[in-house]
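**Q** Okay, handing you the structure first.
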Amino acid sequence: MSGVTGTPGGPPANRCVTTALEKPPDLRGPDVTAVFAELFDAHARQLRGYLAGRVGEAVADDLVAETFLVALRRRHDYDPTRAPVKGWLYGIATNLVREHVRKETRGRRAGLRAVGRPEPDHDVTVAERVDAERASRVLAAAIADLRDEDRDVLLLTSWAGLTPAEVAEALGEPASTVRSRLHRVRTRLQAQLTEETQR
Amino acid sequence: MSDLDETLNRLERAARTADVPLDAVRARVLAAAAAEQTATAPAARRSRRWLLPVSAAAAAAVIAGFLVTGGEPAQQQQALPPSASETTQPKVSLLSAKEVLNGAADAITAVDPPLAPGQFRYINTHAWYQRGQTYGPTADNPDQPLQGYTYLKETSREVWIPQDQQQEWLEKRGWLPGVKWLGGTVPQSEAPEPEAIDTDTGERRGVCGNFFPKANPTKVCGDPNDWDNPAFYDALPRDPQAIVDYLRTATAHRGSAPETMFHWGVEMLRTGLMPADLRPGWYRALAQLDGVKVYDEAATLDGRTGVAIGIDTEAERRDLIVDPKTGEFIGERTVAGPKPHYSWIKAGTVLGYSSITTKVVDGIGQT
């Protein structure tokens with residue numbers, strides 16, 4: 001196991017972080033507050049980044065809190081001998097994203113919200129930037145059209161930095177299904193991106 | 001050409017990397033944790049509403065219990081394929097699911113013949129899956145509910161697994177002609193029929209079942225953790241209670257509700273890889289789960305008729321279809337509950353089904 005530890009102040013949200021928890025936490029133990037403090041400090045920053053990308057900054061904090069509150073209520077269902085806590089936590093978060101998108105999103109197309117705007121990059125030429133913005137628009141639209149399960153697999157690996165095995169844990173599916181779905185989605189999106197941006 | 005990962009990384013980057021303080025969120029979580037710690041009986045609290053399984057597993061919030069709406073059971077006797085888009089009335093049979101499953105377990109006399117060198121295990125899955133689109137509220141109509149449409153699409157998957165797994169495996173995927181309209185918020189004329197994407201069709205070969213060599217992590221030969229590998233089933237317990245315990249642990253991250261455990265049990269049967277000596281214990285384990293009921297005494301899949309057994313939930317129900325006389329696993333189906341996930345789906349609609357057949361063949365590609 002890696003000796004790298006994450007710090008609460010946190011690396012950038014979209015980077016894969018090695019958790020500070022060297023062993024799975026015992027969520028069923030008596031010292032609930034200490035365990036959840038440790039869990040929060042290890043995962044909240046990265047989770048906030050993922051959720052902000054999915055549902056926007058305005059609701060990200062609420063969904064971070066809700067994720068940990070659900071984890072708190074369901075802590076007796078988590079089996080530390082079976083799987084790392086990260087996949088379990090992102091499974092909760094992903095369900096909350098779906099609930100949110102399904103029921104509460106107001107003001108814009110839900111799928112597009114999840115992958116909204118491209119970000120300008122000031123280190124490139126104008127031509128490169130135009131190409132990049134076009135690619136971002138194409139990709140945002142393509143992701144918005146994905147099925148929920150495809151979008152989750154893609155963004156859990158890309159934005160949250162989960163491994164396919166952790167995604168499988170999060171979504172409650174066999175790892176082989178996740179692997180083949182990820183491969184299929186990525187192949188399709190890369191093809192769309194190549195086709196649309198070469199026109 | 002734009003690279004997918006670069007472009008993905010650019011999307012919403014500012015939001016994703018915003019360095020905002022999380023102190024208030026942390027305080028809120030830890031206050032709840034402290035309250036939980038001092039509560040008198042925290043362990044007993046269960047809120048099934050949370051952690052809804054994403055798939056067919058147990059999408060409902062609450063088990064709806066015994067549902068009997070209306071009394072026209074005749075529909076249920078029809079064969080599935082021609083009537084798949086029709087709805088079936090929730091009906092509860094007088095047969096006990098436990099007796100049917102235990103009887104089916106008793107009836108299994110088949111023994112899997114060992115594969116000889118050069119022989120292949122052949123698995124054919126003929127399945128109808130949901131395909132469609134959903135889209136949410138727009139800027140002009142922020143309060144509009146989720147919209148979209150759903151088709152059922154006919155597909156096939158055939159797999160040949162060699163006796164020596166280090167030899168080449170073969171998989172063929174087929175996009176079959178059948179397509180059925182299940183409903184939508186737009187008329188069918190405005191809903192494009194599903195189109196095959198690259199992984200819906202084609203023939204792929206690979207040793208150890210590695211049909212997608214670029215997938216990461218790569219397939220491991222004889223991986224006992226891989227549902228698609230016979231080794232997975234060799235490693236499972238045979239005792240019914242041990243199987244129940246296994247299913248409970250395996251679904252712990254989804255809350256281990258009986259309907260979730262049942263769903264996983266059906267998914268594993270559905271791979272077509274479960275050996276004959278495991279199936280009796282498997283059926284007996286599923287029979288023990290709370291809420292299992294017989295929903296159809298004569299469900300027909302591709303000409304084979306069996307008893308449909310499932311656990312009801314609000315959104316949908318997963319049925320295992322088994323021949324009670326021989327214990328043969330015929331297939332499975334998913335039926336919409338009283339409150340389906342999508343507003344355009346009627347309660348009782350068959351939302352998908354698959355029929356699985358297996359045999360031993362003498363050569364790769366032979367049927």
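Following the order of the structure tokens, first chain is A, next is B, and so on, with residues numbered from 1 inside each chain and ligands from 1 in the order they appear.
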As a list in words, please: the residues near Thr7 (chain B) (cut-off 7 Å, only C-alpha atoms, same-chain neighbours under 3 positions excluded).
**A**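 Once the adjacent positions are removed, what remains is Ala135 and Ser136 of chain A; Asp3, Leu4, Arg10 and Leu11 of chain B.
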**Q** Generate a file of the selected residues that holds N, CA and C atoms, formatted as a compact mmCIF listing (two decimals), in the first residue's frame.
**A**
```txt
# COMPACT_ATOMS: atom_id res chain seq x y z
N ALA A 135 -14.38 21.38 -29.07
CA ALA A 135 -14.32 19.99 -28.58
C ALA A 135 -15.11 19.86 -27.27
N SER A 136 -14.97 20.86 -26.42
CA SER A 136 -15.68 20.80 -25.15
C SER A 136 -17.19 20.82 -25.35
N ASP B 3 -8.20 15.11 -27.84
CA ASP B 3 -8.08 13.95 -26.98
C ASP B 3 -9.21 13.92 -25.96
N LEU B 4 -9.78 12.77 -25.77
CA LEU B 4 -10.93 12.65 -24.87
C LEU B 4 -10.57 13.05 -23.45
N ARG B 10 -11.00 19.43 -19.13
CA ARG B 10 -11.29 20.85 -19.25
C ARG B 10 -12.72 21.18 -18.80
N LEU B 11 -13.62 20.21 -18.93
CA LEU B 11 -15.02 20.47 -18.62
C LEU B 11 -15.21 20.75 -17.12
```
**Q** Set the distance at 6 Å and use only C-alpha atoms: which residues neighbour region 352-356 of chain B once local chain neighbours fewer than 5 positions away are removed? I'd like the list as a list of chain:residue names.
**A**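 The residues that qualify are B:Asn124, B:Thr125, B:His126, B:Ala127, B:Trp128, B:Tyr129, B:Ile330, B:Gly331, B:Glu332, B:Arg333, B:Thr334.
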**Q** Of the residues A:Leu47, A:Ala142, A:Ile92, A:Val85, which is the one nearest to chain B, using only C-alpha atoms?
**A**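 The answer is A:Ile92, which sits nearest to chain B.
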**Q** Neighbours of region 178-186 of chain A within 8 Å (only C-alpha atoms; same-chain residues fewer than 3 positions away dropped), as a PyMOL selection string?
**A** (chain A and resi 150+153-154+164-165+167-168+173-175+189-190) or (chain B and resi 4+198-199+212+214-217)
